[in-house]
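Asker: Sharing a structure, written as structure tokens. Questions coming.
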Amino acid sequence: MRITYFFIFFFLFSGFTAFSQTLIKATDFGVQSNSFENAAPGIRKAIEACKAKKNVMLLLPGGRIDVWPEGAVDRELYISNCTENDTFSEVKHIAFAFENCRNITLDGNNTLVVLHGKMVSFAILNSSDVKIRNIQFDYERPTISELTIKLVTDTVIETQIHPDSKYRIDSGRISFYGEGWTTKSYHTILFDPGKQAMHYSTFTPFLAAQAVETSPLRVKFKGAFAESDFHVGNVLTIRDPYRDNCGGFISLSRNIELENVKMHFMHGLGIVSQFSENISLLKVVAAPRENSGRVIASFADCFHFSGCRGLIRIDSCLTVGSHDDQVNVHGTYLQITAINEIKKLRVRFMHDQTYGFEAFFAGDSVAFINPQTLLSLAKAKLRTAKLISKREMELEVEVEGTLSPVVKEGLCIENLTWTPEVIIQNSRFERTNTRGLLITTRRKVLIENNVFYHTGMYPVLIADDASSWFESGAVQDVIIRNNVFEDCGYNSGSGAINIAPENHELIVGNMVHRNIRVISNTFKINTPGVLTARSTDLLVFTGNKIIPDNLFKGRNINPAIELTACKNVLIEKNKFELPALPVINAWKMKRTDLKTSMKVNWVIPDSNR
């Protein structure tokens with residue numbers, strides 16, 4: 001009876017909350033659909049009106065609205081993996097800026113928001129309980145240009161340029177431009193629609209050739225193409241690699257939900273969540289607009305999470321066509337550059353694309369990490385944390401007595417407080433030349449009931465490094481189950497799940513990652529690799545089904561599981577429907593480290609373990 005009363009109260013309360021929302025219509029502030037007028041000033045005024053209410057819904061008019069930078073909110077934003085040059089302004093133009101907001105729902109009413117120039121679709125800054133739903137974002141001129149090859153000879157290639165890709169030809173040389181920008185570098189990825197595959201490519205032969213427009217959007221290139229590997233139907237997707245923006249930005253916020261949000265193009269990086277708590281992406285789509293004829297929806301990653309905490313939930317989402325990874329969840333290592341006083345440290349952002357924001361706060365728990373082994377040497381709590389320049393912070397450590405003698409310059413420091421739990425389920429990730437999911441977090445991770453289709457590299461990568469991207473940290477509880485991996489890894493030579501910490505020194509008996517279970521998945525493979533793991537303790541690979549695709553069926557290749565310096569590994573009860581017997585290659589391991597009935601090649605056994 002108490003349970004019944006509880007649910008009656010819950011539903012009555014939920015209904016009251018929904019009906020008690022104040023409704024604000026964007027049309028009352030001059031936002032008109034299908035007018036091709038700049039909606040930026042009206043959106044700005046409507047959001048300001050929302051901030052004056054306690055619980056409010058902002059309703060868009062439906063149809064199409066256009067937004068230009070003029071009249072939009074401008075903010076200086078330093079965004080993880082997206083900030084590249086101290087000399088350029090970090091001021092971003094934001095279509096929908098929710099700053100210092102509480103209990104606001106943006107209902108797009110299925111409005112298509114078309115951005116002009118380089119803009120952030122939405123930013124949620126220092127806010128809580130914000131929902132964005134039923135909305136689509138696209139660019140009038142996406143910053144990736146696309147060309148389809150129609151004819152190939154040794155001396156001539158003819159191309160059809162997508163109508164969204166503005167170009168000019170001066171003195172026989174083609175260049176691409178947009179609203180306020182011109183492509184200066186030509187980072188090129190080729191899409192083969194027949195194989196549904198993406199590869200790194202080059203535009204250099206076209207730049208060296210003589211370009212002639214034979215009809216609108218039809219360009220013939222006369223040059224030396226005999227050594228080039230281009231084919232009719234290939235689509236060249238071209239961008240300037242400089243990241244100076246992102247699709248959406250969530251910073252220093254909590255309880256954020258995106259539902260039925262469609263990102264048809266994102267410039268610079270995708271939806272970036274940075275030092276925020278409890279983020280849900282439900283039915284979020286990063287894919288070109290239907291019938292647009294475009295291939296690419298994201299300039300780089302689709303969904304990027306840096307230094308978040310609470311629960312990250314990705315459910316029933318779709319990513320199609322990205323120039324980089326589809327999901328990346330990580331923290332950021334900063335390196336100790338000075339120990340100024342007995343308990344004070346100076347730490348520095350080490351990668352050129354990540355800096356300018358607070359990566360630690362007073363009260364945070366931290367670990368001191370050896371960058372060579374990626375192992376924790378000591379832990380502590382912070383008394384104070386202060387950003388003293390764009391690239392440096394000063395931290396005061398709260399410990400009894402003096403600071404541990406193991407804490408020295410050159411070590412890295414990891415924020416343990418800002419690490420999230422992750423659930424990724426019921427989603428589909430396809431068409432990228434790089435990876436599907438990059439996951440590095442110390443808290444629980446569940447990856448289940450997803451489809452990974454034609455990711456060029458590893459569909460799931462668990463890394464951790466303190467020497468390249470400085471993306472932390474070690475994982476301790478990961479379940480990967482009931483997923484389908486189809487024809488992945490054609491660029492990396494392995495469609496495997498890859499557990500690859502970048503530790504340059506292996507310490508006997510001490511593993512970087514632990515407790516990873518790969519259970520009841522289906523792998524449809526076109527490369528030999530199924531699973532690769534390094535420096536992992538408690539690894540389970542069981543109940544999985546491995547079948548070949550059409551390319552693999554005629555190849556007499558032994559599919560392999562590659563293990564390096566792992567222990568407590570269980571590999572059993574997997575079904576291999578393959579022409580050759582699979583093998584396990586075990587490097588620097590003892591026989592007692594691995595339990596399996598499969599054939600094992602013991603390569604460089606570690607006699608010290």
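Each chain of the structure tokens is named A, B, ... in the order shown, its residues numbered from 1; ligands are numbered from 1 in display order.
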Write out as a ChimeraX atom specification the set of residues from segment 460-562 of chain A that DSSP, computed on the backbone, places in helix (DSSP H, G or I).
Answerer: /A:550-553
Asker: How about saving the chosen residues, C-alpha atoms kept, as a tab-separated table (two decimals), in the first residue's frame?
Answerer:
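File written: again-v9.tsv
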```
chain	number	residue	atom	x	y	z
A	550	ASN	CA	33.00	-11.74	-46.93
A	551	LEU	CA	36.51	-10.31	-47.26
A	552	PHE	CA	37.85	-12.47	-44.44
A	553	LYS	CA	36.28	-15.76	-45.54
```
Asker: Skipping near chain neighbours, those fewer than 5 positions away, what residues fall within 12 Å of Thr214 of chain A using only C-alpha atoms, listed as a list in words?
Answerer: Glu158, Thr159, Gln160, Ile161, Ile169, Val219, Lys220 and Phe221 of chain A
Asker: I'd like to know which of A:Val399, A:Met198, A:Val407, A:Leu252 is closest to Arg435 of chain A, using only C-alpha atoms.
Answerer: A:Met198
Asker: Could you list, as a PDB file with all heavy atoms, in the first residue's frame, every residue within 8 Å of segment 505-517 of chain A, counting only C-alpha atoms and ignoring same-chain residues fewer than 6 positions away?
Answerer:
```pdb
ATOM      1  N   GLN A 372      55.819   7.549 -16.808  1.00  0.00           N
ATOM      2  CA  GLN A 372      56.404   6.421 -17.525  1.00  0.00           C
ATOM      3  C   GLN A 372      55.653   5.124 -17.258  1.00  0.00           C
ATOM      4  O   GLN A 372      55.460   4.306 -18.156  1.00  0.00           O
ATOM      5  CB  GLN A 372      57.882   6.264 -17.138  1.00  0.00           C
ATOM      6  CG  GLN A 372      58.747   7.452 -17.511  1.00  0.00           C
ATOM      7  CD  GLN A 372      58.721   7.728 -19.001  1.00  0.00           C
ATOM      8  OE1 GLN A 372      58.925   6.829 -19.817  1.00  0.00           O
ATOM      9  NE2 GLN A 372      58.468   8.976 -19.366  1.00  0.00           N
ATOM     10  N   THR A 373      55.208   4.931 -16.023  1.00  0.00           N
ATOM     11  CA  THR A 373      54.509   3.697 -15.663  1.00  0.00           C
ATOM     12  C   THR A 373      52.998   3.866 -15.616  1.00  0.00           C
ATOM     13  O   THR A 373      52.257   2.883 -15.626  1.00  0.00           O
ATOM     14  CB  THR A 373      54.970   3.212 -14.279  1.00  0.00           C
ATOM     15  OG1 THR A 373      54.566   4.170 -13.284  1.00  0.00           O
ATOM     16  CG2 THR A 373      56.487   3.048 -14.241  1.00  0.00           C
ATOM     17  N   LEU A 374      52.524   5.119 -15.504  1.00  0.00           N
ATOM     18  CA  LEU A 374      51.111   5.463 -15.332  1.00  0.00           C
ATOM     19  C   LEU A 374      50.543   4.931 -14.018  1.00  0.00           C
ATOM     20  O   LEU A 374      49.328   4.828 -13.856  1.00  0.00           O
ATOM     21  CB  LEU A 374      50.259   4.975 -16.517  1.00  0.00           C
ATOM     22  CG  LEU A 374      50.600   5.600 -17.869  1.00  0.00           C
ATOM     23  CD1 LEU A 374      49.716   5.002 -18.952  1.00  0.00           C
ATOM     24  CD2 LEU A 374      50.439   7.110 -17.828  1.00  0.00           C
ATOM     25  N   LEU A 375      51.416   4.622 -13.073  1.00  0.00           N
ATOM     26  CA  LEU A 375      50.984   4.130 -11.776  1.00  0.00           C
ATOM     27  C   LEU A 375      50.963   5.275 -10.761  1.00  0.00           C
ATOM     28  O   LEU A 375      51.776   6.200 -10.824  1.00  0.00           O
ATOM     29  CB  LEU A 375      51.909   3.024 -11.284  1.00  0.00           C
ATOM     30  CG  LEU A 375      51.982   1.776 -12.175  1.00  0.00           C
ATOM     31  CD1 LEU A 375      52.994   0.784 -11.617  1.00  0.00           C
ATOM     32  CD2 LEU A 375      50.611   1.128 -12.315  1.00  0.00           C
ATOM     33  N   ALA A 474      43.335   5.625 -15.480  1.00  0.00           N
ATOM     34  CA  ALA A 474      43.188   4.174 -15.441  1.00  0.00           C
ATOM     35  C   ALA A 474      41.732   3.768 -15.202  1.00  0.00           C
ATOM     36  O   ALA A 474      41.003   4.453 -14.494  1.00  0.00           O
ATOM     37  CB  ALA A 474      44.069   3.606 -14.342  1.00  0.00           C
ATOM     38  N   VAL A 475      41.324   2.634 -15.787  1.00  0.00           N
ATOM     39  CA  VAL A 475      39.970   2.128 -15.546  1.00  0.00           C
ATOM     40  C   VAL A 475      40.019   1.029 -14.488  1.00  0.00           C
ATOM     41  O   VAL A 475      41.023   0.336 -14.337  1.00  0.00           O
ATOM     42  CB  VAL A 475      39.296   1.600 -16.830  1.00  0.00           C
ATOM     43  CG1 VAL A 475      39.269   2.663 -17.906  1.00  0.00           C
ATOM     44  CG2 VAL A 475      39.964   0.324 -17.334  1.00  0.00           C
ATOM     45  N   GLN A 476      38.895   0.856 -13.771  1.00  0.00           N
ATOM     46  CA  GLN A 476      38.847  -0.122 -12.689  1.00  0.00           C
ATOM     47  C   GLN A 476      37.619  -1.011 -12.737  1.00  0.00           C
ATOM     48  O   GLN A 476      37.554  -2.003 -12.009  1.00  0.00           O
ATOM     49  CB  GLN A 476      38.888   0.614 -11.337  1.00  0.00           C
ATOM     50  CG  GLN A 476      40.173   1.380 -11.115  1.00  0.00           C
ATOM     51  CD  GLN A 476      40.247   2.035  -9.744  1.00  0.00           C
ATOM     52  OE1 GLN A 476      39.245   2.171  -9.045  1.00  0.00           O
ATOM     53  NE2 GLN A 476      41.437   2.444  -9.342  1.00  0.00           N
ATOM     54  N   ASP A 477      36.638  -0.676 -13.593  1.00  0.00           N
ATOM     55  CA  ASP A 477      35.401  -1.459 -13.603  1.00  0.00           C
ATOM     56  C   ASP A 477      34.684  -1.211 -14.926  1.00  0.00           C
ATOM     57  O   ASP A 477      33.947  -0.242 -15.064  1.00  0.00           O
ATOM     58  CB  ASP A 477      34.517  -1.050 -12.425  1.00  0.00           C
ATOM     59  CG  ASP A 477      33.317  -1.971 -12.241  1.00  0.00           C
ATOM     60  OD1 ASP A 477      33.019  -2.740 -13.171  1.00  0.00           O
ATOM     61  OD2 ASP A 477      32.669  -1.914 -11.173  1.00  0.00           O
ATOM     62  N   VAL A 478      34.902  -2.090 -15.900  1.00  0.00           N
ATOM     63  CA  VAL A 478      34.327  -1.915 -17.234  1.00  0.00           C
ATOM     64  C   VAL A 478      33.626  -3.199 -17.666  1.00  0.00           C
ATOM     65  O   VAL A 478      34.203  -4.285 -17.580  1.00  0.00           O
ATOM     66  CB  VAL A 478      35.408  -1.555 -18.283  1.00  0.00           C
ATOM     67  CG1 VAL A 478      34.797  -1.422 -19.674  1.00  0.00           C
ATOM     68  CG2 VAL A 478      36.117  -0.256 -17.897  1.00  0.00           C
ATOM     69  N   ILE A 479      32.380  -3.058 -18.140  1.00  0.00           N
ATOM     70  CA  ILE A 479      31.649  -4.172 -18.741  1.00  0.00           C
ATOM     71  C   ILE A 479      31.312  -3.798 -20.178  1.00  0.00           C
ATOM     72  O   ILE A 479      30.704  -2.747 -20.424  1.00  0.00           O
ATOM     73  CB  ILE A 479      30.361  -4.490 -17.965  1.00  0.00           C
ATOM     74  CG1 ILE A 479      30.686  -4.941 -16.537  1.00  0.00           C
ATOM     75  CG2 ILE A 479      29.554  -5.567 -18.688  1.00  0.00           C
ATOM     76  CD1 ILE A 479      29.447  -5.175 -15.683  1.00  0.00           C
ATOM     77  N   ILE A 480      31.684  -4.662 -21.117  1.00  0.00           N
ATOM     78  CA  ILE A 480      31.355  -4.496 -22.533  1.00  0.00           C
ATOM     79  C   ILE A 480      30.579  -5.739 -22.939  1.00  0.00           C
ATOM     80  O   ILE A 480      31.154  -6.826 -23.068  1.00  0.00           O
ATOM     81  CB  ILE A 480      32.634  -4.347 -23.384  1.00  0.00           C
ATOM     82  CG1 ILE A 480      33.487  -3.174 -22.875  1.00  0.00           C
ATOM     83  CG2 ILE A 480      32.289  -4.152 -24.853  1.00  0.00           C
ATOM     84  CD1 ILE A 480      34.860  -3.092 -23.514  1.00  0.00           C
ATOM     85  N   ARG A 481      29.259  -5.619 -23.123  1.00  0.00           N
ATOM     86  CA  ARG A 481      28.471  -6.827 -23.348  1.00  0.00           C
ATOM     87  C   ARG A 481      27.322  -6.574 -24.342  1.00  0.00           C
ATOM     88  O   ARG A 481      26.794  -5.481 -24.466  1.00  0.00           O
ATOM     89  CB  ARG A 481      27.915  -7.348 -22.031  1.00  0.00           C
ATOM     90  CG  ARG A 481      26.847  -6.490 -21.393  1.00  0.00           C
ATOM     91  CD  ARG A 481      26.425  -7.024 -20.037  1.00  0.00           C
ATOM     92  NE  ARG A 481      25.426  -6.168 -19.407  1.00  0.00           N
ATOM     93  CZ  ARG A 481      25.201  -6.096 -18.114  1.00  0.00           C
ATOM     94  NH1 ARG A 481      25.903  -6.854 -17.273  1.00  0.00           N
ATOM     95  NH2 ARG A 481      24.270  -5.290 -17.620  1.00  0.00           N
ATOM     96  N   SER A 535      48.960  -4.559 -19.984  1.00  0.00           N
ATOM     97  CA  SER A 535      49.041  -4.100 -18.597  1.00  0.00           C
ATOM     98  C   SER A 535      47.668  -4.054 -17.935  1.00  0.00           C
ATOM     99  O   SER A 535      47.258  -3.034 -17.384  1.00  0.00           O
ATOM    100  CB  SER A 535      49.703  -2.713 -18.546  1.00  0.00           C
ATOM    101  OG  SER A 535      50.038  -2.372 -17.218  1.00  0.00           O
ATOM    102  N   THR A 536      46.962  -5.185 -18.004  1.00  0.00           N
ATOM    103  CA  THR A 536      45.605  -5.267 -17.473  1.00  0.00           C
ATOM    104  C   THR A 536      45.498  -6.431 -16.498  1.00  0.00           C
ATOM    105  O   THR A 536      45.917  -7.548 -16.804  1.00  0.00           O
ATOM    106  CB  THR A 536      44.582  -5.438 -18.612  1.00  0.00           C
ATOM    107  OG1 THR A 536      44.719  -4.350 -19.521  1.00  0.00           O
ATOM    108  CG2 THR A 536      43.161  -5.467 -18.073  1.00  0.00           C
ATOM    109  N   ASP A 537      44.898  -6.181 -15.364  1.00  0.00           N
ATOM    110  CA  ASP A 537      44.646  -7.198 -14.351  1.00  0.00           C
ATOM    111  C   ASP A 537      43.146  -7.497 -14.325  1.00  0.00           C
ATOM    112  O   ASP A 537      42.320  -6.593 -14.474  1.00  0.00           O
ATOM    113  CB  ASP A 537      45.107  -6.672 -12.986  1.00  0.00           C
ATOM    114  CG  ASP A 537      44.985  -7.728 -11.889  1.00  0.00           C
ATOM    115  OD1 ASP A 537      44.807  -8.921 -12.223  1.00  0.00           O
ATOM    116  OD2 ASP A 537      45.058  -7.343 -10.713  1.00  0.00           O
ATOM    117  N   LEU A 538      42.799  -8.766 -14.186  1.00  0.00           N
ATOM    118  CA  LEU A 538      41.387  -9.193 -14.142  1.00  0.00           C
ATOM    119  C   LEU A 538      40.686  -8.855 -15.458  1.00  0.00           C
ATOM    120  O   LEU A 538      39.825  -7.968 -15.527  1.00  0.00           O
ATOM    121  CB  LEU A 538      40.660  -8.551 -12.962  1.00  0.00           C
ATOM    122  CG  LEU A 538      41.150  -8.957 -11.569  1.00  0.00           C
ATOM    123  CD1 LEU A 538      40.500  -8.087 -10.507  1.00  0.00           C
ATOM    124  CD2 LEU A 538      40.860 -10.427 -11.315  1.00  0.00           C
ATOM    125  N   LEU A 539      41.060  -9.571 -16.500  1.00  0.00           N
ATOM    126  CA  LEU A 539      40.477  -9.397 -17.834  1.00  0.00           C
ATOM    127  C   LEU A 539      39.700 -10.663 -18.193  1.00  0.00           C
ATOM    128  O   LEU A 539      40.236 -11.771 -18.137  1.00  0.00           O
ATOM    129  CB  LEU A 539      41.580  -9.153 -18.865  1.00  0.00           C
ATOM    130  CG  LEU A 539      41.167  -9.128 -20.336  1.00  0.00           C
ATOM    131  CD1 LEU A 539      40.183  -7.997 -20.607  1.00  0.00           C
ATOM    132  CD2 LEU A 539      42.404  -8.993 -21.234  1.00  0.00           C
ATOM    133  N   VAL A 540      38.429 -10.493 -18.554  1.00  0.00           N
ATOM    134  CA  VAL A 540      37.564 -11.611 -18.927  1.00  0.00           C
ATOM    135  C   VAL A 540      37.076 -11.404 -20.357  1.00  0.00           C
ATOM    136  O   VAL A 540      36.568 -10.334 -20.696  1.00  0.00           O
ATOM    137  CB  VAL A 540      36.358 -11.720 -17.970  1.00  0.00           C
ATOM    138  CG1 VAL A 540      35.384 -12.786 -18.452  1.00  0.00           C
ATOM    139  CG2 VAL A 540      36.830 -12.029 -16.553  1.00  0.00           C
ATOM    140  N   PHE A 541      37.233 -12.442 -21.175  1.00  0.00           N
ATOM    141  CA  PHE A 541      36.721 -12.441 -22.557  1.00  0.00           C
ATOM    142  C   PHE A 541      35.989 -13.769 -22.742  1.00  0.00           C
ATOM    143  O   PHE A 541      36.609 -14.809 -22.963  1.00  0.00           O
ATOM    144  CB  PHE A 541      37.876 -12.303 -23.553  1.00  0.00           C
ATOM    145  CG  PHE A 541      37.446 -12.122 -24.984  1.00  0.00           C
ATOM    146  CD1 PHE A 541      37.064 -10.879 -25.467  1.00  0.00           C
ATOM    147  CD2 PHE A 541      37.429 -13.208 -25.858  1.00  0.00           C
ATOM    148  CE1 PHE A 541      36.682 -10.707 -26.797  1.00  0.00           C
ATOM    149  CE2 PHE A 541      37.039 -13.050 -27.173  1.00  0.00           C
ATOM    150  CZ  PHE A 541      36.665 -11.802 -27.644  1.00  0.00           C
ATOM    151  N   ALA A 565      51.843  -8.429 -20.887  1.00  0.00           N
ATOM    152  CA  ALA A 565      52.027  -8.131 -19.463  1.00  0.00           C
ATOM    153  C   ALA A 565      50.704  -8.002 -18.726  1.00  0.00           C
ATOM    154  O   ALA A 565      50.481  -7.057 -17.969  1.00  0.00           O
ATOM    155  CB  ALA A 565      52.871  -6.867 -19.293  1.00  0.00           C
ATOM    156  N   CYS A 566      49.809  -8.947 -18.952  1.00  0.00           N
ATOM    157  CA  CYS A 566      48.522  -8.980 -18.240  1.00  0.00           C
ATOM    158  C   CYS A 566      48.539 -10.122 -17.231  1.00  0.00           C
ATOM    159  O   CYS A 566      49.366 -11.035 -17.315  1.00  0.00           O
ATOM    160  CB  CYS A 566      47.370  -9.183 -19.227  1.00  0.00           C
ATOM    161  SG  CYS A 566      47.162  -7.841 -20.415  1.00  0.00           S
ATOM    162  N   ASN A 608      60.809 -13.195 -14.811  1.00  0.00           N
ATOM    163  CA  ASN A 608      60.869 -12.526 -13.519  1.00  0.00           C
ATOM    164  C   ASN A 608      59.524 -12.496 -12.814  1.00  0.00           C
ATOM    165  O   ASN A 608      59.420 -11.981 -11.710  1.00  0.00           O
ATOM    166  CB  ASN A 608      61.374 -11.089 -13.698  1.00  0.00           C
ATOM    167  CG  ASN A 608      62.791 -11.054 -14.215  1.00  0.00           C
ATOM    168  OD1 ASN A 608      63.613 -11.864 -13.816  1.00  0.00           O
ATOM    169  ND2 ASN A 608      63.072 -10.124 -15.126  1.00  0.00           N
ATOM    170  N   ARG A 609      58.478 -12.993 -13.480  1.00  0.00           N
ATOM    171  CA  ARG A 609      57.143 -12.885 -12.890  1.00  0.00           C
ATOM    172  C   ARG A 609      56.633 -14.269 -12.506  1.00  0.00           C
ATOM    173  O   ARG A 609      57.049 -15.270 -13.026  1.00  0.00           O
ATOM    174  CB  ARG A 609      56.174 -12.237 -13.858  1.00  0.00           C
ATOM    175  CG  ARG A 609      56.566 -10.799 -14.181  1.00  0.00           C
ATOM    176  CD  ARG A 609      55.520 -10.107 -15.035  1.00  0.00           C
ATOM    177  NE  ARG A 609      54.234 -10.053 -14.304  1.00  0.00           N
ATOM    178  CZ  ARG A 609      53.158 -10.745 -14.680  1.00  0.00           C
ATOM    179  NH1 ARG A 609      53.175 -11.504 -15.737  1.00  0.00           N
ATOM    180  NH2 ARG A 609      52.030 -10.669 -13.999  1.00  0.00           N
TER     181      ARG A 609
END
```
Asker: Return the single residue from A:Ala496, A:Ile571, A:Leu112, A:Cys308 that is closest to Arg442 of chain A, with distances computed using only C-alpha atoms.
Answerer: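 For Arg442 of chain A, the nearest of the candidates is A:Cys308.
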Asker: Suppose you want the space between atom CA of Ser292 of chain A and atom CA of Gly233 of chain A; what is it in Å?
Answerer: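 Distance reported for this atom pair: 16.8 Å.
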Asker: Quick one: pick out all strand (DSSP E) residues within segment 35-192 of chain A from a backbone DSSP run and write them as a PyMOL selection string.
Answerer: chain A and resi 56-59+64-67+73-76+91-99+102-115+120-125+128-139+145-152+156-161+167-170+173-178+181-182+187-192
Asker: For atom CA of Gly172 of chain A and atom CA of Ser228 of chain A, quote the distance in Å rounded to one decimal.
Answerer: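 Separation between atom CA of Gly172 of chain A and atom CA of Ser228 of chain A: 20.0 Å.
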Asker: Between A:Phe470, A:Tyr490, A:Phe357, A:Phe98, which has the minimum distance to Val130 of chain A (counting only C-alpha atoms)?
Answerer: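 Answer, going by the shortest atom-to-atom distance: A:Phe98.
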Asker: Quick one: residues within 10 Å of Lys184 of chain A, only C-alpha atoms counted, chain neighbours fewer than 6 positions away excluded, as a ChimeraX atom specification?
Answerer: /A:175-177,239-242
Asker: Tell me which protein, DNA and RNA residues are within 12 Å of Asp325 of chain A, counting only C-alpha atoms, leaving out same-chain ones fewer than 2 positions away, and put them as a PyMOL selection string.
Answerer: chain A and resi 269-270+298-305+319-323+327-329+429-439+455-461
Asker: For Glu394 of chain A, work out the shell of residues within 8 Å, counting only C-alpha atoms and skipping chain neighbours fewer than 4 positions away, then give it as a PyMOL selection string.
Answerer: chain A and resi 344-347+385-388
Asker: Grab the atom CA of Gly310 of chain A to atom CA of Ile499 of chain A distance for me, in Å with one decimal place.
Answerer: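 Interatomic distance, atom CA of Gly310 of chain A to atom CA of Ile499 of chain A: 23.7 Å.
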Asker: With 9 Å as the cut-off and only C-alpha atoms counted, what is the closest atom pair between each nearby residue of segment 521-589 of chain A and segment 597-604 of chain A? Distances in Å to one decimal, ordered by chain and number, as CSV.
Answerer:
```
residue,atom,partner,partner_atom,distance
A:Ile571,CA,A:Ser597,CA,7.8
A:Glu572,CA,A:Ser597,CA,6.7
A:Lys573,CA,A:Ser597,CA,8.9
A:Leu581,CA,A:Lys599,CA,8.4
A:Pro582,CA,A:Lys599,CA,7.3
A:Val583,CA,A:Lys599,CA,5.1
A:Ile584,CA,A:Val600,CA,4.7
A:Asn585,CA,A:Asn601,CA,4.8
A:Ala586,CA,A:Trp602,CA,5.0
A:Trp587,CA,A:Val603,CA,4.8
A:Lys588,CA,A:Ile604,CA,5.4
A:Met589,CA,A:Trp602,CA,7.6
```
Asker: Which residues, written as a PyMOL selection string, have at least one atom at most 6 Å from Gly248 of chain A, with only C-alpha atoms counted and residues fewer than 3 positions away on the same chain left out?
Answerer: chain A and resi 120-123+271
Asker: Nearest to Gly356 of chain A among A:Thr202, A:Thr105, A:Asn245, A:Asn81, with distances taken over only C-alpha atoms: which residue is it?
Answerer: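 For Gly356 of chain A, the nearest of the given residues is A:Asn81.
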Asker: So, with only C-alpha atoms as the atoms that count, which of A:Phe523, A:Phe137, A:Phe576, A:Phe452 lies closest to Pro288 of chain A?
Answerer: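 Closest candidate: A:Phe137.
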